[in-house]
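Source file start_14.cif; content: mmCIF, C-alpha atoms.
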```
data_structure
loop_
_atom_site.label_atom_id
_atom_site.label_comp_id
_atom_site.auth_asym_id
_atom_site.auth_seq_id
_atom_site.Cartn_x
_atom_site.Cartn_y
_atom_site.Cartn_z
CA MET A 161 61.54 67.81 118.49
CA HIS A 162 61.06 66.54 114.96
CA LEU A 163 62.96 63.80 113.25
CA PRO A 164 64.08 64.70 109.75
CA MET A 165 61.66 63.29 107.22
CA ARG A 166 63.17 60.35 105.44
CA LEU A 167 62.72 60.51 101.68
CA PRO A 168 62.66 57.33 99.62
CA MET A 169 65.65 58.26 97.49
CA ASN A 170 66.12 54.88 95.87
CA LEU A 171 62.61 54.68 94.40
CA PRO A 172 62.34 55.30 90.67
CA MET A 173 60.62 58.54 89.80
CA LYS A 174 57.20 58.06 88.28
CA THR A 175 56.76 59.54 84.86
CA GLU A 176 53.55 61.51 84.79
CA VAL A 177 51.86 63.87 82.42
CA PRO A 178 52.59 67.34 83.85
CA PRO A 179 49.44 68.94 85.24
CA SER A 180 47.97 71.75 83.21
CA PRO A 181 49.11 75.26 84.23
CA VAL A 182 45.58 76.30 85.14
CA ARG A 183 45.07 73.31 87.40
CA ARG A 184 48.46 73.92 88.95
CA ASP A 185 47.60 77.55 89.67
CA LEU A 186 44.28 76.60 91.22
CA LEU A 187 45.99 73.98 93.36
CA ALA A 188 48.63 76.44 94.46
CA MET A 189 45.98 79.01 95.30
CA GLY A 190 44.06 76.48 97.32
CA VAL A 191 47.14 75.43 99.26
CA GLY A 192 48.15 79.05 99.73
CA LEU A 193 44.74 80.02 101.06
CA ALA A 194 44.57 77.09 103.42
CA GLY A 195 48.02 77.90 104.72
CA ALA A 196 47.47 81.63 105.07
CA VAL A 197 43.93 81.86 106.35
CA PHE A 198 42.76 78.72 108.03
CA VAL A 199 45.71 77.07 109.73
CA ARG A 200 49.07 78.18 110.86
CA PRO A 201 51.71 75.57 110.09
CA VAL A 202 52.14 73.07 112.92
CA ALA A 203 55.92 73.38 112.90
CA ALA A 204 55.69 77.15 113.40
CA GLN A 205 53.50 76.66 116.49
CA SER A 206 55.95 74.19 118.04
CA GLU A 207 58.71 76.69 117.34
CA GLU A 208 56.71 79.44 119.02
CA LEU A 209 56.27 77.20 122.05
CA ALA A 210 59.99 76.44 122.15
CA ALA A 211 60.72 80.16 121.76
CA ALA A 212 58.39 81.06 124.65
CA VAL A 213 60.09 78.48 126.88
CA ALA A 214 63.53 79.71 125.82
CA ALA A 215 62.54 83.33 126.52
CA PHE A 216 61.42 82.37 130.02
CA ALA A 217 64.67 80.46 130.62
CA GLY A 218 66.69 83.40 129.30
CA GLY A 219 69.05 81.17 127.36
CA ALA A 220 69.65 78.63 130.15
CA THR A 221 69.18 74.94 129.42
CA VAL A 222 65.77 73.60 130.36
CA ARG A 223 66.02 69.99 131.53
CA PRO A 224 63.11 67.61 131.81
CA GLY A 225 62.35 66.38 135.33
CA ARG A 226 61.60 67.50 138.91
CA VAL A 227 58.45 69.26 137.70
CA LYS A 228 55.09 67.50 137.69
CA LEU A 229 52.41 68.94 135.41
CA GLU A 230 49.05 67.38 136.20
CA VAL A 231 46.23 67.76 133.70
CA ALA A 232 43.58 65.38 132.42
CA LYS A 233 44.56 63.55 129.22
CA LEU A 234 41.06 63.94 127.83
CA VAL A 235 39.27 67.21 128.47
CA ASP A 236 35.54 67.61 127.77
CA ASN A 237 35.35 71.37 128.09
CA GLY A 238 38.27 73.47 126.94
CA ASN A 239 36.92 76.54 128.73
CA VAL A 240 37.71 75.16 132.16
CA VAL A 241 40.67 72.82 132.33
CA PRO A 242 42.05 72.22 135.84
CA VAL A 243 45.85 72.07 135.87
CA SER A 244 48.32 71.80 138.68
CA VAL A 245 52.07 72.09 138.71
CA SER A 246 54.31 70.96 141.53
CA VAL A 247 58.06 70.82 141.88
CA GLU A 248 60.16 68.63 144.15
CA SER A 249 61.98 71.13 146.30
CA PRO A 250 62.75 71.54 150.01
CA MET A 251 61.73 75.24 149.69
CA THR A 252 64.44 76.50 152.04
CA ALA A 253 66.15 79.89 151.73
CA ALA A 254 69.10 78.18 150.04
CA ASP A 255 67.19 75.88 147.73
CA HIS A 256 63.74 76.83 146.53
CA VAL A 257 61.66 77.32 143.43
CA THR A 258 61.47 80.95 142.37
CA ALA A 259 59.03 80.71 139.48
CA ILE A 260 56.77 78.40 137.53
CA ALA A 261 55.38 79.18 134.10
CA ILE A 262 52.86 77.28 131.98
CA PHE A 263 52.90 77.48 128.19
CA ASN A 264 50.70 76.04 125.46
CA GLU A 265 51.20 75.12 121.84
CA LYS A 266 48.06 76.16 119.95
CA ASN A 267 46.14 78.88 121.80
CA PRO A 268 46.31 82.37 120.24
CA GLN A 269 48.96 83.24 122.87
CA ARG A 270 51.73 80.94 124.12
CA ASP A 271 51.64 82.19 127.74
CA ILE A 272 49.08 80.81 130.17
CA ALA A 273 50.30 81.93 133.57
CA LYS A 274 53.46 82.66 135.52
CA PHE A 275 53.78 82.23 139.28
CA ALA A 276 56.42 83.55 141.66
CA PHE A 277 57.43 81.67 144.81
CA GLY A 278 59.83 82.09 147.68
CA PRO A 279 61.00 80.13 150.70
CA ARG A 280 57.87 81.29 152.53
CA SER A 281 55.71 79.39 150.05
CA GLY A 282 56.51 76.18 151.91
CA LYS A 283 55.52 74.06 148.96
CA ALA A 284 56.20 74.65 145.27
CA SER A 285 52.76 73.81 144.06
CA VAL A 286 50.05 75.75 142.29
CA SER A 287 46.69 74.87 140.75
CA THR A 288 44.43 76.85 138.50
CA ARG A 289 41.92 76.52 135.66
CA ILE A 290 42.79 77.36 132.10
CA ARG A 291 41.34 77.58 128.59
CA LEU A 292 42.50 75.41 125.72
CA ALA A 293 41.60 76.23 122.13
CA THR A 294 42.26 72.75 120.81
CA THR A 295 44.03 69.44 121.33
CA GLN A 296 47.59 70.36 122.09
CA LYS A 297 50.70 70.12 124.22
CA LEU A 298 51.29 71.97 127.49
CA VAL A 299 54.66 72.72 129.01
CA ALA A 300 55.41 73.73 132.60
CA VAL A 301 58.81 75.22 133.38
CA ALA A 302 60.24 75.88 136.84
CA ARG A 303 63.09 78.19 137.77
CA LEU A 304 65.05 77.20 140.87
CA SER A 305 67.04 79.46 143.17
CA ASP A 306 70.30 77.95 141.85
CA GLY A 307 69.41 79.24 138.38
CA SER A 308 68.54 75.87 136.85
CA PHE A 309 65.40 75.30 134.81
CA TRP A 310 63.30 72.12 134.80
CA SER A 311 60.25 71.22 132.81
CA ASP A 312 57.46 68.76 132.22
CA SER A 313 55.01 68.49 129.36
CA ALA A 314 51.62 66.92 128.80
CA ASP A 315 49.49 66.20 125.76
CA VAL A 316 45.83 67.07 126.15
CA ILE A 317 42.95 66.05 123.93
CA VAL A 318 40.22 68.69 123.97
CA VAL A 319 36.69 67.65 122.94
CA LEU A 320 34.88 70.99 123.23
CA ALA A 321 37.28 73.81 122.42
CA ALA A 322 37.27 77.12 124.24
CA CYS A 323 35.34 78.91 121.48
CA ILE A 324 37.91 80.81 119.53
CA ASP A 325 36.61 82.06 116.24
CA GLY A 326 38.89 81.78 113.26
CA GLU A 327 41.65 80.04 115.18
CA ALA A 328 42.85 76.54 114.56
CA MET B 232 33.52 95.04 143.64
CA ALA B 233 33.79 91.57 142.37
CA ARG B 234 32.82 88.72 144.61
CA THR B 235 35.68 86.70 146.00
CA LEU B 236 35.87 83.33 147.65
CA LEU B 237 38.81 82.85 149.98
CA ASN B 238 39.43 79.52 151.62
CA ILE B 239 42.06 79.99 154.32
CA PRO B 240 42.49 78.21 157.65
CA LYS B 241 41.58 80.55 160.52
CA THR B 242 44.25 79.11 162.75
CA ALA B 243 47.49 77.29 162.07
CA GLN B 244 50.50 76.03 163.92
CA ARG B 245 53.80 77.85 163.58
CA GLY B 246 55.76 76.44 160.66
CA GLU B 247 52.77 74.61 159.21
CA VAL B 248 52.31 74.73 155.44
CA ILE B 249 48.80 75.96 154.81
CA GLU B 250 46.75 75.75 151.64
CA ILE B 251 45.25 78.98 150.29
CA ARG B 252 42.43 78.82 147.76
CA THR B 253 41.24 81.99 146.08
CA LEU B 254 38.60 82.70 143.48
CA ILE B 255 37.39 86.01 142.12
CA ALA B 256 34.34 86.61 139.95
CA HIS B 257 35.68 88.04 136.69
CA LYS B 258 34.65 87.25 133.12
CA MET B 259 38.24 87.26 131.80
CA ASP B 260 37.31 88.32 128.25
CA SER B 261 40.24 87.04 126.24
CA GLY B 262 39.99 89.59 123.42
CA PHE B 263 39.76 86.79 120.84
CA LEU B 264 36.02 86.11 120.94
CA PRO B 265 33.35 87.88 118.90
CA ASP B 266 30.03 88.97 120.40
CA ALA B 267 26.59 88.22 118.87
CA GLN B 268 27.10 90.99 116.28
CA GLY B 269 30.45 89.57 115.22
CA GLN B 270 32.46 92.37 116.82
CA ARG B 271 35.50 91.35 118.77
CA ILE B 272 34.98 91.80 122.51
CA PRO B 273 37.97 93.80 123.76
CA ARG B 274 40.29 92.10 126.20
CA ASP B 275 39.36 92.46 129.86
CA ILE B 276 41.38 90.15 132.07
CA ILE B 277 43.04 90.08 135.46
CA GLN B 278 46.74 90.38 134.81
CA ARG B 279 48.30 90.23 138.24
CA PHE B 280 47.60 88.60 141.56
CA ALA B 281 49.65 89.03 144.70
CA CYS B 282 49.45 87.61 148.21
CA ARG B 283 51.12 89.51 151.05
CA TYR B 284 51.64 88.15 154.55
CA ASN B 285 51.95 91.01 157.05
CA GLY B 286 53.03 93.27 154.22
CA GLU B 287 55.61 90.95 152.71
CA GLN B 288 54.85 89.46 149.30
CA VAL B 289 54.93 85.68 149.53
CA PHE B 290 53.26 84.62 146.27
CA SER B 291 52.35 86.33 143.04
CA ALA B 292 50.96 85.38 139.68
CA GLU B 293 50.87 86.83 136.20
CA LEU B 294 47.77 85.74 134.32
CA PHE B 295 47.12 85.73 130.59
CA ALA B 296 44.04 85.36 128.40
CA ALA B 297 44.28 81.55 128.63
CA VAL B 298 43.19 81.59 132.28
CA SER B 299 39.52 80.61 132.68
CA ALA B 300 36.80 83.00 133.75
CA ASN B 301 36.61 83.49 137.53
CA PRO B 302 40.34 82.90 138.09
CA TYR B 303 40.90 80.23 140.71
CA LEU B 304 44.29 79.80 142.34
CA VAL B 305 45.52 77.28 144.88
CA PHE B 306 48.90 77.79 146.49
CA TYR B 307 50.70 77.25 149.78
CA LEU B 308 52.28 79.36 152.51
CA VAL B 309 54.26 78.73 155.67
CA ALA B 310 52.35 80.04 158.69
CA THR B 311 54.99 82.08 160.50
CA GLU B 312 53.12 84.53 162.71
CA SER B 313 49.64 85.79 163.46
CA GLY B 314 48.58 88.67 161.29
CA MET B 315 46.93 89.66 158.08
CA LEU B 316 46.89 88.00 154.70
CA GLU B 317 46.28 90.45 151.91
CA PHE B 318 45.18 89.44 148.42
CA GLU B 319 45.31 91.82 145.53
CA TRP B 320 44.03 91.41 141.97
CA GLN B 321 44.86 93.90 139.22
CA GLY B 322 43.65 93.87 135.65
CA ASP B 323 42.60 95.68 132.50
CA ASN B 324 40.52 98.87 132.60
CA GLY B 325 41.97 99.82 135.97
CA PHE B 326 40.51 96.81 137.74
CA THR B 327 41.90 96.44 141.23
CA GLN B 328 40.60 94.69 144.30
CA THR B 329 42.13 93.93 147.67
CA GLU B 330 40.86 91.54 150.32
CA ARG B 331 42.23 91.04 153.83
CA VAL B 332 41.88 87.93 155.97
CA PRO B 333 43.30 87.58 159.48
CA ILE B 334 45.14 84.43 160.52
CA THR B 335 46.02 83.23 164.01
CA VAL B 336 49.23 81.26 164.39
CA THR B 337 49.81 79.35 167.60
#
```
Represent the structure from my file as structure tokens, please.
Amino acid sequence: MHLPMRLPMNLPMKTEVPPSPVRRDLLAMGVGLAGAVFVRPVAAQSEELAAAVAAFAGGATVRPGRVKLEVAKLVDNGNVVPVSVSVESPMTAADHVTAIAIFNEKNPQRDIAKFAFGPRSGKASVSTRIRLATTQKLVAVARLSDGSFWSDSADVIVVLAACIDGEA
Amino acid sequence: MARTLLNIPKTAQRGEVIEIRTLIAHKMDSGFLPDAQGQRIPRDIIQRFACRYNGEQVFSAELFAAVSANPYLVFYLVATESGMLEFEWQGDNGFTQTERVPITVT
């Protein structure tokens, strides 16, 4: 969620000599190249993450809570990042977790893994090892048998990225 | 046949929640990495995992390229009856492997 950027409206505008057209073109080209080739805009990635979560929830509201996403805050090696997700649930036939999904913000793909559970699982908990391309946010979403969705998120700092050429 | 490592209690009490740990040797090429010549290595990952308890599916997973090489999964099951636990991995290029482990429930 982003707060709207507050612009200093009451400040007087500085009067400057307009930059030369050539310089302006070069600047624009530079900005354009950086935007197109090297990095995808951060806002777009957050939107993709939100879209992936929304697609999993199928339009239902995803509330924070009940889910616990455990991952180290500082990760040395992005190729092997242990994560575990658990959900508070009695896991009975009437009230259990049916699915857990893990999403990321800045890997080439938003999906990491999806797990399906039932009352015979006994415990809504799963652990695995994942790859992270860079420092980013992870989101775990759980679907319960009553149709509600719960989530938890974690910010992870990655020192050595899972080597992904040409990706931010 | 890929090597697997399955850590499952041999015996359990009825109704006990048991921990299942599975690992399979698989490189999980994400399809995003180049090789030494700069050519992209095509994707080769395990996409699906399923655990069946006496034929009934009790846990399954859908894996994507962001899962590390040698996919390792830890999950839980309720020990209900003696029988067979079956683990199945399916992936790209027709990869499929099934392992069976017996369990005794007292």
For this session: Compute the chain B side of the contact with chain A at 8 Å, counting all atoms listed in the file, and hand it back as a VMD selection string.
Result: chain B and resid 248 263 to 265 289 to 299 302 to 309
Problem set entry | Answer key for the PyMOL selection byres ((chain A and resi 234) around 7), residues as a PyMOL selection string | chain A and resi 232-233+235-236+316-318
For this session: Using all atoms listed in the file, pick whichever of B:Thr337, B:Thr327, B:Ser261, B:Gln288 has the shortest atom-to-atom distance to Thr311 (chain B).
Result: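 Closest to Thr311 (chain B) of all the choices is B:Thr337.
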Exercise. Counting only C-alpha atoms, what is within 12 Å of Ala314 (chain A), bar same-chain residues fewer than 5 positions away, as a PyMOL selection string?
Worked result: chain A and resi 224+227-234+243-245+262-265+295-301
For this session: For CA of Ser305 (chain A) and CA of Ala281 (chain B), quote the distance in Å rounded to one decimal.
Result: 19.9 Å
For this session: Could you jot down the CA of Gly218 (chain A) to CA of Gly322 (chain B) separation for me, Å, one decimal place?
Result: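 According to the coordinates, CA of Gly218 (chain A) and CA of Gly322 (chain B) are separated by 26.1 Å.
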Which neighbours of Ala233 (chain B) fall inside 8 Å, counting only C-alpha atoms, when residues of the same chain fewer than 5 positions from it are skipped, and could you give them as a JSON list (two decimals) with C-alpha atoms, in the coordinates of the input?
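Saved as selection-v2.json:
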```json
[["chain", "number", "residue", "atom", "x", "y", "z"],
["B", 255, "ILE", "CA", 37.39, 86.01, 142.12],
["B", 256, "ALA", "CA", 34.34, 86.61, 139.95],
["B", 257, "HIS", "CA", 35.68, 88.04, 136.69],
["B", 328, "GLN", "CA", 40.60, 94.69, 144.30]]
```
Exercise. Counting only C-alpha atoms, which residues come within 12 Å of (29.3, 92.1, 132.9), with the point read in the file's coordinates, and could you list them as a ChimeraX atom specification?
Worked result: /B:232-233,256-260,272,275,300
For this session: Provide the CA of Thr242 (chain B) to CA of Val332 (chain B) distance in Å, to one decimal place.
Result: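 One can read the CA of Thr242 (chain B) to CA of Val332 (chain B) distance as 11.4 Å.
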